[in-house]
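Source file: my_file_18.txt. Holds: compact mmCIF, C-alpha atoms and all ligand atoms.
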```txt
# COMPACT_ATOMS: atom_id res chain seq x y z
CA MET E 1 0.00 0.00 0.00
CA GLN E 2 1.29 3.47 -0.86
CA VAL E 3 2.52 5.86 1.80
CA TYR E 4 0.94 9.31 1.50
CA ASP E 5 2.91 12.49 2.17
CA VAL E 6 0.03 13.82 4.26
CA ILE E 7 -3.24 12.37 5.55
CA ILE E 8 -5.80 14.92 6.72
CA ILE E 9 -8.64 13.84 9.00
CA GLY E 10 -11.74 16.00 8.55
CA ALA E 11 -13.16 17.52 5.36
CA GLY E 12 -14.36 20.85 6.76
CA ILE E 13 -12.97 24.14 5.51
CA ASN E 14 -9.69 23.61 7.40
CA GLY E 15 -9.04 20.11 6.06
CA CYS E 16 -10.12 21.05 2.53
CA SER E 17 -8.02 24.25 2.43
CA LEU E 18 -4.94 22.34 3.58
CA ALA E 19 -5.52 19.51 1.09
CA TYR E 20 -5.92 22.09 -1.70
CA ALA E 21 -2.71 23.93 -0.76
CA LEU E 22 -0.64 20.72 -0.45
CA HIS E 23 -2.02 19.16 -3.64
CA ASN E 24 -1.06 22.32 -5.55
CA LYS E 25 2.50 21.86 -4.27
CA GLY E 26 2.61 18.30 -5.65
CA GLN E 27 2.14 16.51 -2.32
CA LYS E 28 0.34 13.13 -2.21
CA VAL E 29 -2.64 13.83 0.01
CA LEU E 30 -5.47 11.68 1.37
CA VAL E 31 -8.50 13.19 3.12
CA LEU E 32 -10.53 11.01 5.51
CA GLU E 33 -14.00 12.16 6.55
CA GLN E 34 -16.53 10.28 8.67
CA GLU E 35 -19.64 11.75 7.02
CA GLU E 36 -19.46 13.85 3.87
CA ILE E 37 -17.54 16.90 2.71
CA ALA E 38 -18.45 19.94 4.85
CA SER E 39 -20.92 17.99 6.95
CA GLY E 40 -19.68 19.61 10.18
CA GLY E 41 -19.59 23.28 11.18
CA SER E 42 -18.40 24.21 7.71
CA GLY E 43 -21.62 23.13 6.00
CA ALA E 44 -23.70 25.23 8.39
CA ALA E 45 -21.60 28.39 8.15
CA GLY E 46 -22.91 31.58 6.61
CA ALA E 47 -19.29 31.80 5.45
CA PHE E 48 -19.08 35.58 5.58
CA ILE E 49 -15.58 36.86 4.88
CA ASN E 50 -15.14 39.98 6.94
CA PRO E 51 -12.68 41.49 9.41
CA LYS E 52 -13.20 41.55 13.17
CA ILE E 53 -14.77 44.86 14.13
CA SER E 54 -13.02 45.59 17.39
CA LYS E 55 -10.13 47.41 19.00
CA SER E 56 -6.56 46.25 18.32
CA GLY E 57 -5.22 42.96 19.64
CA PRO E 58 -3.56 39.80 18.31
CA LEU E 59 -6.87 38.18 17.27
CA LYS E 60 -8.10 41.26 15.42
CA GLU E 61 -4.76 41.69 13.62
CA LEU E 62 -4.61 37.99 12.69
CA ILE E 63 -8.17 37.98 11.37
CA GLU E 64 -7.52 41.13 9.36
CA GLU E 65 -4.43 39.65 7.70
CA ALA E 66 -6.31 36.40 7.02
CA TYR E 67 -9.37 38.31 5.73
CA LEU E 68 -7.28 40.19 3.14
CA TYR E 69 -5.56 36.97 2.09
CA SER E 70 -8.77 34.89 1.93
CA LEU E 71 -10.75 37.51 0.04
CA ASP E 72 -8.17 37.35 -2.75
CA PHE E 73 -7.84 33.57 -2.45
CA TYR E 74 -11.55 32.81 -2.89
CA THR E 75 -12.04 35.48 -5.57
CA GLN E 76 -9.17 34.16 -7.67
CA ASN E 77 -9.53 30.41 -7.16
CA PHE E 78 -13.27 29.93 -6.61
CA PRO E 79 -15.03 32.89 -8.29
CA ASP E 80 -18.21 30.84 -8.96
CA PHE E 81 -18.73 30.29 -5.22
CA THR E 82 -17.69 33.76 -4.08
CA ASN E 83 -20.28 36.50 -3.75
CA LEU E 84 -18.62 39.90 -3.40
CA ALA E 85 -20.67 42.46 -1.47
CA PRO E 86 -20.09 45.32 0.97
CA LEU E 87 -20.83 44.91 4.66
CA LEU E 88 -22.70 47.29 6.92
CA HIS E 89 -21.76 46.34 10.49
CA ILE E 90 -24.03 47.90 13.11
CA SER E 91 -23.15 47.63 16.80
CA LYS E 92 -25.32 45.18 18.69
CA TYR E 93 -25.80 47.21 21.85
CA GLU E 94 -25.14 50.80 22.87
CA ASP E 95 -22.09 49.54 24.78
CA GLU E 96 -20.57 48.43 21.50
CA ASN E 97 -20.78 51.86 19.86
CA GLU E 98 -17.39 52.92 21.18
CA LYS E 99 -15.73 49.81 19.75
CA VAL E 100 -17.25 50.34 16.31
CA ASP E 101 -16.35 54.05 16.32
CA TYR E 102 -12.79 53.20 17.33
CA PHE E 103 -12.51 50.63 14.53
CA LYS E 104 -13.90 53.10 11.99
CA SER E 105 -11.49 55.86 12.91
CA HIS E 106 -8.40 53.61 13.01
CA THR E 107 -8.86 51.07 10.22
CA LEU E 108 -6.83 51.15 7.02
CA LEU E 109 -9.51 49.09 5.23
CA LYS E 110 -11.72 50.80 2.65
CA THR E 111 -14.78 52.29 4.36
CA SER E 112 -17.34 54.84 3.24
CA GLN E 113 -20.78 56.21 4.05
CA ALA E 114 -23.41 53.53 3.49
CA PRO E 115 -25.39 54.35 0.32
CA LYS E 116 -29.00 55.57 0.72
CA GLU E 117 -30.26 52.34 -0.85
CA THR E 118 -28.64 50.23 1.91
CA LEU E 119 -29.89 52.56 4.65
CA SER E 120 -33.40 52.40 3.22
CA HIS E 121 -33.59 48.71 4.23
CA LEU E 122 -32.93 49.48 7.90
CA ARG E 123 -35.50 49.76 10.66
CA PRO E 124 -35.44 53.16 12.42
CA TYR E 125 -34.48 51.36 15.67
CA VAL E 126 -30.95 50.47 14.46
CA GLN E 127 -30.20 53.83 12.87
CA ASP E 128 -29.08 55.30 16.22
CA PHE E 129 -26.35 52.69 16.68
CA SER E 130 -22.78 53.22 15.46
CA SER E 131 -21.99 51.49 12.20
CA VAL E 132 -19.23 50.99 9.69
CA TYR E 133 -19.62 50.29 5.95
CA LEU E 134 -16.81 48.19 4.50
CA LYS E 135 -16.61 47.97 0.74
CA ASN E 136 -14.77 44.68 0.24
CA ASN E 137 -16.37 41.61 1.77
CA ALA E 138 -17.65 38.30 0.53
CA ILE E 139 -20.06 35.48 1.20
CA ILE E 140 -18.81 32.03 0.25
CA GLU E 141 -20.95 29.07 -0.80
CA ALA E 142 -19.66 26.92 2.05
CA LYS E 143 -20.29 23.36 0.87
CA ASP E 144 -19.58 24.08 -2.81
CA VAL E 145 -16.20 25.62 -2.06
CA CYS E 146 -15.14 22.68 0.14
CA LYS E 147 -16.16 20.21 -2.58
CA ALA E 148 -14.35 22.21 -5.26
CA MET E 149 -11.17 22.29 -3.15
CA LEU E 150 -11.06 18.49 -3.02
CA LYS E 151 -11.40 18.02 -6.80
CA GLY E 152 -8.61 15.68 -7.95
CA ILE E 153 -7.63 14.79 -4.35
CA VAL E 154 -8.05 11.28 -2.93
CA TYR E 155 -10.93 11.36 -0.44
CA LYS E 156 -12.43 8.46 1.54
CA LYS E 157 -15.42 8.23 3.84
CA LEU E 158 -14.10 6.77 7.08
CA GLU E 159 -14.48 7.44 10.79
CA VAL E 160 -10.97 7.35 12.21
CA LYS E 161 -10.93 5.72 15.63
CA GLU E 162 -7.31 4.91 16.09
CA ILE E 163 -3.95 6.22 14.93
CA ARG E 164 -0.56 4.57 15.51
CA TYR E 165 3.00 5.74 14.84
CA LYS E 166 5.43 2.97 13.96
CA GLU E 167 8.82 3.13 12.28
CA GLU E 168 8.38 6.77 11.24
CA ILE E 169 5.04 6.11 9.57
CA TRP E 170 1.54 6.96 10.81
CA HIS E 171 -0.96 4.13 10.45
CA VAL E 172 -4.46 5.54 10.16
CA GLU E 173 -6.78 2.54 10.06
CA LYS E 174 -5.48 0.79 6.91
CA PHE E 175 -3.77 3.88 5.42
CA LYS E 176 -0.16 5.01 5.85
CA THR E 177 1.38 8.47 5.81
CA LYS E 178 4.52 10.42 6.70
CA LYS E 179 2.59 13.32 8.22
CA LEU E 180 -0.85 13.38 9.83
CA VAL E 181 -3.02 16.47 10.33
CA LEU E 182 -6.12 16.57 12.56
CA CYS E 183 -8.76 18.98 11.23
CA THR E 184 -11.62 17.55 13.26
CA GLY E 185 -13.32 20.78 14.36
CA ALA E 186 -15.54 20.55 17.44
CA TYR E 187 -15.82 16.75 17.28
CA ASN E 188 -14.21 14.44 19.85
CA GLU E 189 -10.44 14.54 19.67
CA ILE E 190 -8.77 11.45 18.26
CA ILE E 191 -5.83 11.91 20.61
CA SER E 192 -6.10 12.90 24.21
CA GLU E 193 -3.65 15.51 25.49
CA PRO E 194 -4.65 17.17 28.77
CA TYR E 195 -3.75 20.72 27.70
CA LEU E 196 -5.84 20.59 24.50
CA LYS E 197 -9.30 21.83 25.44
CA LEU E 198 -11.73 23.20 22.89
CA ARG E 199 -15.06 24.90 23.49
CA ARG E 200 -18.07 24.04 21.35
CA ILE E 201 -20.56 26.64 20.16
CA PHE E 202 -23.70 25.70 18.23
CA GLY E 203 -25.39 27.75 15.58
CA GLN E 204 -27.79 27.89 12.68
CA ARG E 205 -28.12 29.35 9.23
CA CYS E 206 -31.06 29.57 6.90
CA ASP E 207 -31.11 30.46 3.23
CA ILE E 208 -34.15 32.44 2.16
CA THR E 209 -35.68 34.09 -0.86
CA THR E 210 -37.23 37.55 -0.54
CA SER E 211 -38.60 40.12 -2.95
CA THR E 212 -36.29 42.71 -1.31
CA PRO E 213 -33.02 42.96 -3.25
CA MET E 214 -30.11 43.48 -0.85
CA GLU E 215 -26.89 44.94 -2.23
CA ALA E 216 -24.97 44.74 1.06
CA THR E 217 -24.64 42.29 3.93
CA ILE E 218 -26.01 43.70 7.17
CA HIS E 219 -24.70 42.57 10.53
CA HIS E 220 -26.51 43.60 13.67
CA GLU E 221 -27.80 40.77 15.88
CA VAL E 222 -27.37 38.26 13.06
CA TYR E 223 -25.72 38.32 9.65
CA VAL E 224 -28.15 38.98 6.79
CA SER E 225 -26.31 38.52 3.52
CA ALA E 226 -26.58 40.54 0.36
CA THR E 227 -28.55 38.78 -2.38
CA LYS E 228 -26.21 36.07 -3.67
CA LYS E 229 -25.61 34.91 -7.26
CA ASN E 230 -28.14 32.11 -6.73
CA GLY E 231 -30.83 34.67 -5.81
CA ARG E 232 -30.87 33.67 -2.11
CA LEU E 233 -29.85 35.38 1.10
CA SER E 234 -28.17 33.63 4.02
CA ILE E 235 -29.01 34.51 7.62
CA GLY E 236 -26.67 33.06 10.20
CA ALA E 237 -25.56 33.17 13.82
CA SER E 238 -23.65 30.85 16.12
CA HIS E 239 -23.88 31.57 19.81
CA TYR E 240 -25.54 28.66 21.66
CA LEU E 241 -23.29 27.18 24.35
CA ASN E 242 -25.39 24.02 24.76
CA GLN E 243 -26.81 21.82 22.06
CA GLU E 244 -30.06 21.56 24.09
CA ASP E 245 -30.57 25.33 23.69
CA LEU E 246 -30.46 25.06 19.91
CA PRO E 247 -34.04 25.41 18.62
CA LEU E 248 -35.49 22.75 16.33
CA ILE E 249 -34.52 23.47 12.78
CA GLU E 250 -37.80 25.14 11.59
CA GLN E 251 -38.16 27.19 14.78
CA GLY E 252 -34.48 28.08 14.50
CA SER E 253 -34.98 29.45 10.99
CA GLN E 254 -37.97 31.49 12.14
CA LYS E 255 -35.93 32.84 15.06
CA LEU E 256 -33.13 33.88 12.70
CA ILE E 257 -35.66 35.61 10.43
CA ASP E 258 -37.24 37.39 13.43
CA LEU E 259 -33.82 38.60 14.55
CA ALA E 260 -32.96 39.71 11.01
CA MET E 261 -36.28 41.60 10.78
CA LYS E 262 -35.40 43.57 13.91
CA SER E 263 -32.84 45.46 11.85
CA VAL E 264 -33.80 44.93 8.20
CA LYS E 265 -37.09 45.14 6.30
CA LEU E 266 -37.44 42.05 4.13
CA GLU E 267 -40.61 41.43 2.08
CA GLU E 268 -42.17 38.09 1.06
CA VAL E 269 -39.67 35.89 2.86
CA LYS E 270 -39.61 32.17 2.12
CA VAL E 271 -37.23 29.72 3.76
CA HIS E 272 -35.33 27.77 1.17
CA SER E 273 -33.07 25.61 3.37
CA SER E 274 -31.85 25.39 6.99
CA TYR E 275 -28.64 24.12 8.54
CA CYS E 276 -27.20 23.69 12.01
CA GLY E 277 -23.70 22.88 13.18
CA MET E 278 -21.04 23.43 15.77
CA ARG E 279 -17.77 25.29 15.73
CA SER E 280 -14.81 25.03 18.06
CA GLY E 281 -12.97 27.78 19.87
CA SER E 282 -9.82 27.85 21.96
CA ASN E 283 -9.55 29.40 25.40
CA ASP E 284 -7.67 32.44 24.09
CA TYR E 285 -9.82 32.63 20.92
CA LEU E 286 -6.73 32.23 18.71
CA PRO E 287 -6.52 29.22 16.36
CA LEU E 288 -4.38 26.18 17.03
CA LEU E 289 -1.93 25.60 14.20
CA GLY E 290 1.06 23.28 14.25
CA GLY E 291 2.69 20.33 15.95
CA ILE E 292 1.16 18.64 18.99
CA VAL E 293 3.16 18.44 22.21
CA ASP E 294 3.51 15.12 24.03
CA ALA E 295 2.71 16.48 27.51
CA LYS E 296 3.84 13.44 29.49
CA LYS E 297 7.17 13.13 27.70
CA SER E 298 7.80 16.88 27.80
CA LEU E 299 7.17 17.08 31.56
CA THR E 300 9.39 14.07 32.29
CA LYS E 301 12.22 15.59 30.25
CA ALA E 302 11.84 19.15 31.53
CA PRO E 303 9.78 19.39 34.77
CA GLU E 304 10.75 23.08 35.12
CA ALA E 305 7.70 23.72 32.92
CA LEU E 306 5.74 23.25 36.19
CA LYS E 307 7.38 26.45 37.46
CA GLY E 308 6.23 28.38 34.43
CA ILE E 309 9.55 28.11 32.57
CA LYS E 310 9.19 27.79 28.80
CA THR E 311 11.27 24.66 28.43
CA PRO E 312 11.89 22.89 25.08
CA VAL E 313 9.01 20.50 24.38
CA SER E 314 8.80 17.00 22.86
CA LEU E 315 6.42 16.98 19.94
CA ILE E 316 4.46 13.88 18.93
CA PRO E 317 6.34 13.06 15.72
CA GLU E 318 4.75 14.38 12.53
CA LEU E 319 1.35 14.98 14.11
CA TYR E 320 -0.25 18.40 13.51
CA MET E 321 -3.55 20.16 13.94
CA ILE E 322 -5.58 23.07 12.62
CA ASN E 323 -8.48 23.86 14.90
CA GLY E 324 -10.08 26.44 17.22
CA VAL E 325 -10.95 28.85 14.42
CA GLY E 326 -14.18 29.97 16.13
CA GLY E 327 -16.62 32.05 14.12
CA TYR E 328 -13.95 32.93 11.55
CA GLY E 329 -13.21 29.49 10.04
CA PHE E 330 -13.79 30.56 6.44
CA VAL E 331 -11.72 33.70 6.95
CA LEU E 332 -8.81 31.89 8.61
CA ALA E 333 -8.65 28.49 6.86
CA PRO E 334 -6.91 29.40 3.56
CA TYR E 335 -4.39 31.54 5.47
CA LEU E 336 -3.60 28.88 8.10
CA ALA E 337 -3.39 26.20 5.38
CA LYS E 338 -0.86 28.33 3.49
CA HIS E 339 1.32 28.51 6.62
CA LEU E 340 1.20 24.78 7.35
CA CYS E 341 1.82 23.95 3.68
CA GLN E 342 4.89 26.22 3.61
CA HIS E 343 6.07 24.62 6.83
CA PHE E 344 5.79 21.13 5.30
CA VAL E 345 7.14 21.94 1.86
CA ASN E 346 9.72 24.71 2.51
CA GLU E 347 10.35 24.13 6.23
CA GLU E 348 9.17 27.68 7.01
CA LYS E 349 8.55 28.49 10.65
CA LEU E 350 4.96 28.60 11.85
CA PRO E 351 3.66 31.70 13.68
CA GLU E 352 4.68 30.78 17.24
CA PHE E 353 1.70 32.49 18.90
CA LEU E 354 -0.63 30.04 17.13
CA GLU E 355 1.21 26.84 18.03
CA PRO E 356 -0.63 24.46 20.41
CA LYS E 357 2.41 24.44 22.72
CA ARG E 358 1.24 27.72 24.32
CA PHE E 359 -1.51 25.73 26.03
CA TYR E 360 0.96 23.10 27.21
CA TYR E 361 2.93 25.79 29.11
CA ARG E 362 -0.25 27.22 30.67
CA TRP E 363 -1.46 23.76 31.65
CA ALA E 364 1.92 22.77 33.17
CA LYS E 365 2.10 25.97 35.23
CA LYS E 366 -1.45 25.46 36.53
CA LYS E 367 -0.77 21.78 37.28
CA LYS E 368 1.76 22.79 39.91
C1 LIG E 401 -24.09 28.55 12.17
C2 LIG E 401 -22.66 28.87 11.93
C3 LIG E 401 -22.33 30.03 11.23
C4 LIG E 401 -20.99 30.35 10.97
N1 LIG E 401 -20.69 31.46 10.22
C5 LIG E 401 -19.40 31.71 9.87
C6 LIG E 401 -19.08 32.82 9.02
O1 LIG E 401 -19.95 33.57 8.59
N2 LIG E 401 -17.79 33.02 8.68
C7 LIG E 401 -16.78 32.19 9.12
O2 LIG E 401 -15.62 32.41 8.77
N3 LIG E 401 -17.06 31.14 9.95
C8 LIG E 401 -18.34 30.90 10.33
N4 LIG E 401 -18.63 29.86 11.17
C9 LIG E 401 -17.53 29.09 11.74
C10 LIG E 401 -17.03 28.05 10.78
O3 LIG E 401 -18.10 27.32 10.26
C11 LIG E 401 -16.07 27.12 11.50
O4 LIG E 401 -15.05 27.86 12.09
C12 LIG E 401 -15.45 26.14 10.50
O5 LIG E 401 -16.46 25.48 9.80
C13 LIG E 401 -14.55 25.14 11.21
O6 LIG E 401 -14.06 24.30 10.23
P1 LIG E 401 -13.31 22.95 10.59
O7 LIG E 401 -12.83 22.39 9.31
O8 LIG E 401 -12.34 23.21 11.68
O9 LIG E 401 -14.44 22.04 11.29
P2 LIG E 401 -15.69 21.25 10.67
O10 LIG E 401 -16.29 21.94 9.53
O11 LIG E 401 -16.58 20.89 11.79
O12 LIG E 401 -15.01 19.94 10.07
C14 LIG E 401 -14.51 18.90 10.85
C15 LIG E 401 -14.79 17.62 10.10
O13 LIG E 401 -14.06 16.56 10.71
C16 LIG E 401 -14.84 15.39 10.62
N5 LIG E 401 -14.37 14.46 11.66
C17 LIG E 401 -14.32 14.69 12.99
N6 LIG E 401 -13.83 13.60 13.63
C18 LIG E 401 -13.56 12.67 12.67
C19 LIG E 401 -13.04 11.34 12.69
N7 LIG E 401 -12.72 10.75 13.85
N8 LIG E 401 -12.88 10.68 11.53
C20 LIG E 401 -13.22 11.26 10.34
N9 LIG E 401 -13.72 12.52 10.27
C21 LIG E 401 -13.89 13.21 11.40
C22 LIG E 401 -16.27 15.88 10.86
O14 LIG E 401 -17.22 14.99 10.35
C23 LIG E 401 -16.26 17.24 10.12
O15 LIG E 401 -16.72 17.13 8.80
C24 LIG E 401 -19.96 29.51 11.46
C25 LIG E 401 -20.28 28.35 12.17
C26 LIG E 401 -21.62 28.02 12.40
C27 LIG E 401 -21.93 26.77 13.16
```
Taking this structure as input, can you express it in the form of structure tokens?
Amino acid sequence: MQVYDVIIIGAGINGCSLAYALHNKGQKVLVLEQEEIASGGSGAAGAFINPKISKSGPLKELIEEAYLYSLDFYTQNFPDFTNLAPLLHISKYEDENEKVDYFKSHTLLKTSQAPKETLSHLRPYVQDFSSVYLKNNAIIEAKDVCKAMLKGIVYKKLEVKEIRYKEEIWHVEKFKTKKLVLCTGAYNEIISEPYLKLRRIFGQRCDITTSTPMEATIHHEVYVSATKKNGRLSIGASHYLNQEDLPLIEQGSQKLIDLAMKSVKLEEVKVHSSYCGMRSGSNDYLPLLGGIVDAKKSLTKAPEALKGIKTPVSLIPELYMINGVGGYGFVLAPYLAKHLCQHFVNEEKLPEFLEPKRFYYRWAKKKK
């Protein structure tokens, strides 16, 4: 049986973006997925490509860099599944006005006054909130883009239960590979390392038709997309901490529409399709990108980590992850995939602040 260069577990936007990047660099890639392509959080996503509207900080800067990269990436490589449209972001509460005003006065991104046409769709209630109108944003057709990324790449439907490393080769069920990447989103981890903890958030999206043509995406309590190439609009939000709180799918769609209608006037609305899914977030909200630390081995070799010293770590050989991308998976995935691909192919260094080892140090210090 052939040995792949890289096996990727999980065909969400992270797994698919990485497979696409590696395949384009001539790597032999296999993608393993337990259900179908983009059946997890990625299939449910509104897949809005926009920056984080907030004050400065590592997450905001990262998302902005990834947003600029991904906007170009989707437009150039997947134009059929990329809907370009401006975004009018309106603060959710009065308390958020300051944050939006700060963003507006400091950003280098292209902003302008929202056109009268866009403002005419708004309810009077939201017009008192601070807002920012960003010219360059996109809405991606989530499932279509994931499927298109895997064109020409070997893909198998398989739930991976066990992985084993033997003689410098990973054995993933009956498949073999030199490198293994876990892109399993908010699903149960295949390996168990005590410092790797991810939070799950559940959410819903519905695609609707309406007789109101929308030329911009509007974000207030929920995202209401501009009218897409297929004539539909997507409404999406992901903020339920418990699966039990997630409304049944029809009620969920109605709830999304009700929330959308609080800010936007939409006529003759019909639900076309509804989706629900979960996304994963890390404790510091930054993604996890890179090699996975063997906590037990690292602590035995360098117990000073218990005192908060950043000792050298032992990595599990050739095992990597991309996860914890929160509500920005479609923004971050192509950018993170580019980094991991360059790391594999050109041995470029990964951004250290995204490596999972940061959580190992925090865990070791707390353990003491
Ligand atoms: C309602 C909603 C709206 C969202 N809106 C946006 C948005 O507008 N913009 C944005 O950028 N992001 C958005 N997100 C977030 C985005 O969807 C996620 O960040 C992204 O989908 C995460 O991708 P992923 O590949 O890490 O995980 P997933 O898409 O969940 O993929 C993981 C895959 O791994 C597979 N898998 C897991 N375990 C195994 C195993 N043992 N064997 C085989 N396969 C396995 C799963 O079946 C799944 O298909 C939204 C999320 C939700 C839920």
> Neighbours of ligand LIG 401 (chain E) within 6 Å, counting all atoms listed in the file, as an NGL selection string?
Replying inline: :E and (9-15 or 32-35 or 38-42 or 44-49 or 158-161 or 183-187 or 190 or 202-205 or 236-238 or 276-279 or 323 or 325-331)
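Within 8 Å of Ser253 (chain E), once all atoms listed in the file are used and residues closer than 3 positions along the same chain are dropped, the contacting residues are Gln204, Arg205, Cys206, Ile249, Glu250, Leu256, Ile257, Val271 and Ser274 of chain E.
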>> What does the structure give for the distance between CA of Ala85 (chain E) and CA of Lys147 (chain E), in Å to one decimal?
In response: 22.7 Å
>> Report, in Å with one decimal, the straight-line distance from CA of Leu180 (chain E) to CA of Val313 (chain E).
In response: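 Between CA of Leu180 (chain E) and CA of Val313 (chain E) the gap is 19.0 Å.
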> Using only C-alpha atoms, which residue out of E:Pro247, E:Pro303, E:Pro115, E:Gly291 lies closest to Ala216 (chain E)?
Replying inline: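 Looking at the shortest contact to Ala216 (chain E), the residue is E:Pro115.
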> Leaving out Glu96 (chain E) and any residue of its chain fewer than 6 positions from it, which residues lie within 10 Å of it when counting only C-alpha atoms, given as a PyMOL selection string?
Replying inline: chain E and resi 54+90+129-131
